[in-house]
Structures are given as structure tokens and as C-alpha cells.
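Scroll down for the structure; my scribbles are underneath it.
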Amino acid sequence: MRYFSILLCLFIFCQCKKNDVVSDPVLDRIAITSSNGNRIDFTNETTTQLTVTGLDQANQQVTIDETIKWEVNNDAMQVDENGLVELLSTGKSIITASVGSISSSIEIYSWDSTLPRTEIFISDAGPNYKAPWQILRAYDDGEYVEVFTDQNLSWPQDIVVLEDKKLVLVSNLSRNNITQYDITDGSYEGVFADDLSGPTRMELGPDGYIYVLQWQGDGKVKRYQKDGTALGAFTDVGVPQSIGMAWDASYNLYVSTYSNGDGGAFVRKFNSEGVDQGLFIDSDLQGATDIWFQGDNLMVNDYPIGIVKRFDASGELLGSLITGLQLNEGVAHLLNGNILIGNGGTSSVNEYAPNGSFIKEYIPSGTLNLALPNAVTVREVNR
């Protein structure tokens, strides 16, 4: 019996030692990084070094002993056997690295900062209006999209670009402030204004001041100088849950209210001095968000029912410009007159012709985890 016990112990010991043997890590996938990032200014940099890292199934690094083979999908760039990329022209290239049967690709976007370009800023209100929040920036027809910032945001609502200050302003509804960011790299530059009650839309007015709507409080439109100096209330009466504004050719200001999407939405008119002129639209709206003029007609995003409605110069409903939207909020215009609209139902930014016909998803659904695009701002550079 004692002899049997000794043999059993030896067997268990051997099995334990066998289980303790660690096999060599096996290459499962590879990852590629670029020394100059994925978006490179062709005017400043003409090369970037690609590095390949081997990983096993546990995401631990593995030494790569085999030769790495490189391939580029077009003539905009070339890469040598060591992964050094030379930029030959502007454009986007897909560069693939292969180690045996394992491969991975990286997109490198080469651009020229001296050439005319279009930048599109998109505010993301997050899934179900909750964090994570972010501001995206897209370039040149949505070919390249990056996270401009995800710092110090709290239910972001709108975006204004101050070219002379090299700043981007973002209104934050649930923190009652407006934050500012460096226009080049998106770094946080502090608070622009913090005396607001649920700021929503912001616009640069015809007088060069920044106009800000308020969802809460007295609902009056407030004005600021570009250095953040508060000029107080512009309008003499407030608009509750205000979330859209536009000026006509005579500089009259129009402000829309969402009114909980209960069919009580309206648009109020103010003259160029901010004096109330009464209701311009008092029916036919479920929940108005952005508004804008197209000629003499006022367009209104009716958020709960996914329609852009058209109203004439007297406030009478003319019909629909765009239908089939879902949670439509955030509007901007391209140089060619086409309209960009944030479509929350598909987590995309859609492009439409001035007559309302659909062109394409300018920012495809879910790009960089985009959830609810509630503001769109166009910036034209070098034009």
C-alpha cells in the first residue's frame, strides 16, 4: 500500500510538471503603426516609417523571424523592404504587410495643407444622449475622418469655428458652458463662456458676434464677442427649449423651439434689434430643431417625424423638402449648395441636393463609433 502511494505521488508530480511546461508563443496576427501617424501633410513630411508588431492569441508580443513583405494598392506611395514609405502624391493608400499567411493593412492619407480643402466638424451626442461624447472632423468628401476631441464635453450641441482666433467652440448643454479647442490639433483651451442655461445652437451673426440659444432658464438669445466677453441677452423675450436659429435677408432673427416633440413646436421672429415680432410659425411642427433659409423659404428640421419642412415668407407650410429621415438634427451647406444633415437614426451624415434629393452618406453609418450626429459645421480653408 505504501509502495502504491509513492507511485501515485510520483505520477501526480510528473503530471504537474508536464502542465507547467509553457509552449513557445505562436504568431496569431500582426499590427502596423506609422511613425508620422495615418494622416501626413505632404508639404512637411515625405516619408513615414512603418513598424510591424507580432501578437499571439493572448495579445502578447511575439518576435517575428520571417521576412516581412510589403504591398501598396496604388501609385500615391511606395514602400521599401524595411517598411519605409515615400509619399509621391496626395491621396489615400492602403499598405499591406504579410508574414507568411498572416497579413494586416494600414491606410495612410497624404494631404497638402496649402491646397484648398473642406473640413466637416460633427458633434456626437452619444448613444441615448449619454457619454461617450466626441467631436469628429472629416476631410475632403469624408475620405478621412478623425476624432477632433473627446475632452471636457458634456452633451455637446453645436460647433462654431473662429478662424481669426484659431479656435473651435463647442456648446455643452448639461454643463451649461461653451468650451474651446485649438483648431489644428483639438487640444483643450479652456472655457469660453459659463453663464448659460443649457446652451444649444451657436451662430456667428451678421454683426460678427456669437449668438447662443438656451434650452433652459429664461430662453433668451445671448451674445458674445469673439474673445468671450458677454454682451447679455439679445432678444427681449425667451423661447423655451430653443434649438434652431437663422437670419433672413433683412437680418430678422428666427428662433425655433422643440417643445418636447408634442406638436407644440413653433418658430418666433425677432427684428434686427432683438425685439419680438410674434410667432412666425405656430402650427404644423412636432419638434423643430435646426432651421435655415433657402431663398425666401424657411426650412425646418422636424425631428420626431424625420422630415425637413418648407415654409414660405409668411410662415405658411409649403410641403416637405426631405422625407425619410430619422432623428434629423445638425445642418450645414457645402460650397456647391448641397445640404449635409445629421441623421441620428442611422448614425450618419447624409448629403442632399438643394431640391432635397438624396446623394449619399457623406459620413457613413457608425464611422468612428458615431452615434447621434446632432451638429454639423463646414469649414473652408485656403479658398
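Please note that chains go A, B, ... in the order of the C-alpha cells, that every chain numbers its residues from 1, and that ligands are numbered from 1 in the order shown.
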
Rows by chain and residue number, segment 279-334 of chain A within 12 Å of segment 143-166 of chain A, shortest pair, only C-alpha atoms, as a tab-separated table:
residue	atom	partner	partner_atom	distance
A:Thr289	CA	A:Gln157	CA	11.2
A:Asp290	CA	A:Asp158	CA	10.7
A:Glu329	CA	A:Gln157	CA	9.9
A:Gly330	CA	A:Asp158	CA	8.1
A:Val331	CA	A:Asp158	CA	10.2
A:Ala332	CA	A:Ile159	CA	10.9

Run DSSP on the backbone and give me the residues of segment 262-348 of chain A it puts in strand (DSSP E), as an NGL selection string.
:A and (267-270 or 276-281 or 288-294 or 297-302 or 307-311 or 317-322 or 328-333 or 339-343 or 348)

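You can rank A:Ile281, A:Ile30, A:Leu318, A:Ile243 by their closest distance to Asn374 of chain A using only C-alpha atoms, and at the top of that list sits A:Ile243.
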
Take atom CA of Ser365 of chain A and atom CA of Gly345 of chain A and report the distance between them in Å, one decimal.
9.4 Å

Near-Gly337 of chain A list (12 Å; only C-alpha atoms; drop same-chain fewer than 6 positions) as a ChimeraX atom specification
/A:294-295,351-356,378

Close residues, Thr367 of chain A itself excluded, 9 Å, only C-alpha atoms, min 2 positions apart in chain, as number ranges by chain
A: 145, 347-348, 363-365, 369-371

Any chance you could list, as a PDB file with C-alpha atoms, in the first residue's frame, the residues in segment 108-225 of chain A that come up helix (DSSP H, G or I) when DSSP is run on the backbone?
ATOM      1  CA  PRO A 127     -25.748  56.753 -27.560  1.00  0.00           C
ATOM      2  CA  ASN A 128     -29.086  57.761 -25.993  1.00  0.00           C
ATOM      3  CA  TYR A 129     -27.681  61.266 -25.397  1.00  0.00           C
ATOM      4  CA  LEU A 173     -25.963  71.520 -22.689  1.00  0.00           C
ATOM      5  CA  SER A 174     -25.582  69.578 -19.441  1.00  0.00           C
ATOM      6  CA  ARG A 175     -22.608  71.582 -18.157  1.00  0.00           C
TER       7      ARG A 175
END

Taking only C-alpha atoms into account, which of A:Thr67, A:Gln78, A:Thr43, A:Asn271 comes nearest Thr114 of chain A?
A:Thr43

Per residue of segment 257-363 of chain A within 9 Å of segment 229-241 of chain A, record the nearest atom pair and its distance in Å to one decimal, counting only C-alpha atoms, with rows in chain order and ascending residue number, as CSV.
residue,atom,partner,partner_atom,distance
A:Thr257,CA,A:Gln241,CA,5.3
A:Tyr258,CA,A:Gln241,CA,5.7
A:Ser259,CA,A:Gln241,CA,6.2
A:Asn260,CA,A:Gln241,CA,8.1
A:Val267,CA,A:Val239,CA,8.8
A:Arg268,CA,A:Val239,CA,7.6
A:Phe270,CA,A:Thr235,CA,7.2
A:Glu273,CA,A:Phe234,CA,7.6
A:Gly274,CA,A:Thr235,CA,4.3
A:Val275,CA,A:Asp236,CA,5.7
A:Asp276,CA,A:Asp236,CA,6.5

Would you list the contacts of segment 201-217 of chain A as JSON, numbers by chain, taking every protein, DNA or RNA residue within 6 Å and counting only C-alpha atoms, but skipping same-chain residues closer than 3 positions in sequence?
{"A": [158, 197, 198, 221, 222, 223, 224, 225, 241, 242, 243]}

Test item: residues at most 10 Å from Ser314 of chain A, only C-alpha atoms, excluding those fewer than 4 positions along its chain, as a PyMOL selection string:
chain A and resi 280-281+296-298

Can those selected residues be exported to a file as a short mmCIF file (atom, residue, chain, number, x, y, z; two decimals), in the first residue's frame so that it contains N, CA and C atoms?
data_model
loop_
_atom_site.label_atom_id
_atom_site.label_comp_id
_atom_site.auth_asym_id
_atom_site.auth_seq_id
_atom_site.Cartn_x
_atom_site.Cartn_y
_atom_site.Cartn_z
N PHE A 280 -43.81 83.29 -36.01
CA PHE A 280 -43.75 83.20 -37.46
C PHE A 280 -44.41 81.90 -37.93
N ILE A 281 -44.18 80.81 -37.20
CA ILE A 281 -44.84 79.52 -37.44
C ILE A 281 -45.43 79.06 -36.12
N ASP A 296 -36.29 82.68 -50.10
CA ASP A 296 -37.22 83.30 -49.16
C ASP A 296 -37.93 82.28 -48.27
N ASN A 297 -37.70 81.00 -48.52
CA ASN A 297 -38.39 79.96 -47.76
C ASN A 297 -37.56 79.49 -46.57
N LEU A 298 -38.25 79.21 -45.48
CA LEU A 298 -37.59 78.72 -44.28
C LEU A 298 -37.73 77.20 -44.20
#

Rounded to one decimal in Å, what is the spacing between atom CA of Gly83 of chain A and atom CA of Gln57 of chain A?
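Atom CA of Gln57 of chain A lies at a distance of 24.4 Å from atom CA of Gly83 of chain A.
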
Counting only C-alpha atoms, which residues of segment 169-227 of chain A fall within 12 Å of segment 137-142 of chain A, and what is the closest atom pair for each with its distance in Å at one decimal, ordered by chain and rising number, as CSV?
residue,atom,partner,partner_atom,distance
A:Ile183,CA,A:Arg137,CA,10.5
A:Thr184,CA,A:Arg137,CA,10.8
A:Asp185,CA,A:Arg137,CA,10.6
A:Gly186,CA,A:Arg137,CA,9.7

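Residue neighbourhood of Asp56 of chain A, excluding near-sequence residues (fewer than 2 positions): Pro25, Val26, Leu27, Asp28, Arg29, Ile30, Gly54, Ala58, Asn59, Gln60, Gln61, Val62 and Thr63 of chain A, at 10 Å, using only C-alpha atoms.
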
Across A:Ser35, A:Thr90, A:Thr179, A:Ser98, the smallest distance to Ile135 of chain A, with only C-alpha atoms counted, is shown by A:Thr179

Between atom CA of Asp80 of chain A and atom CA of Ser113 of chain A, what is the distance, to one decimal in Å?
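Between these atoms lies a distance of 25.9 Å.
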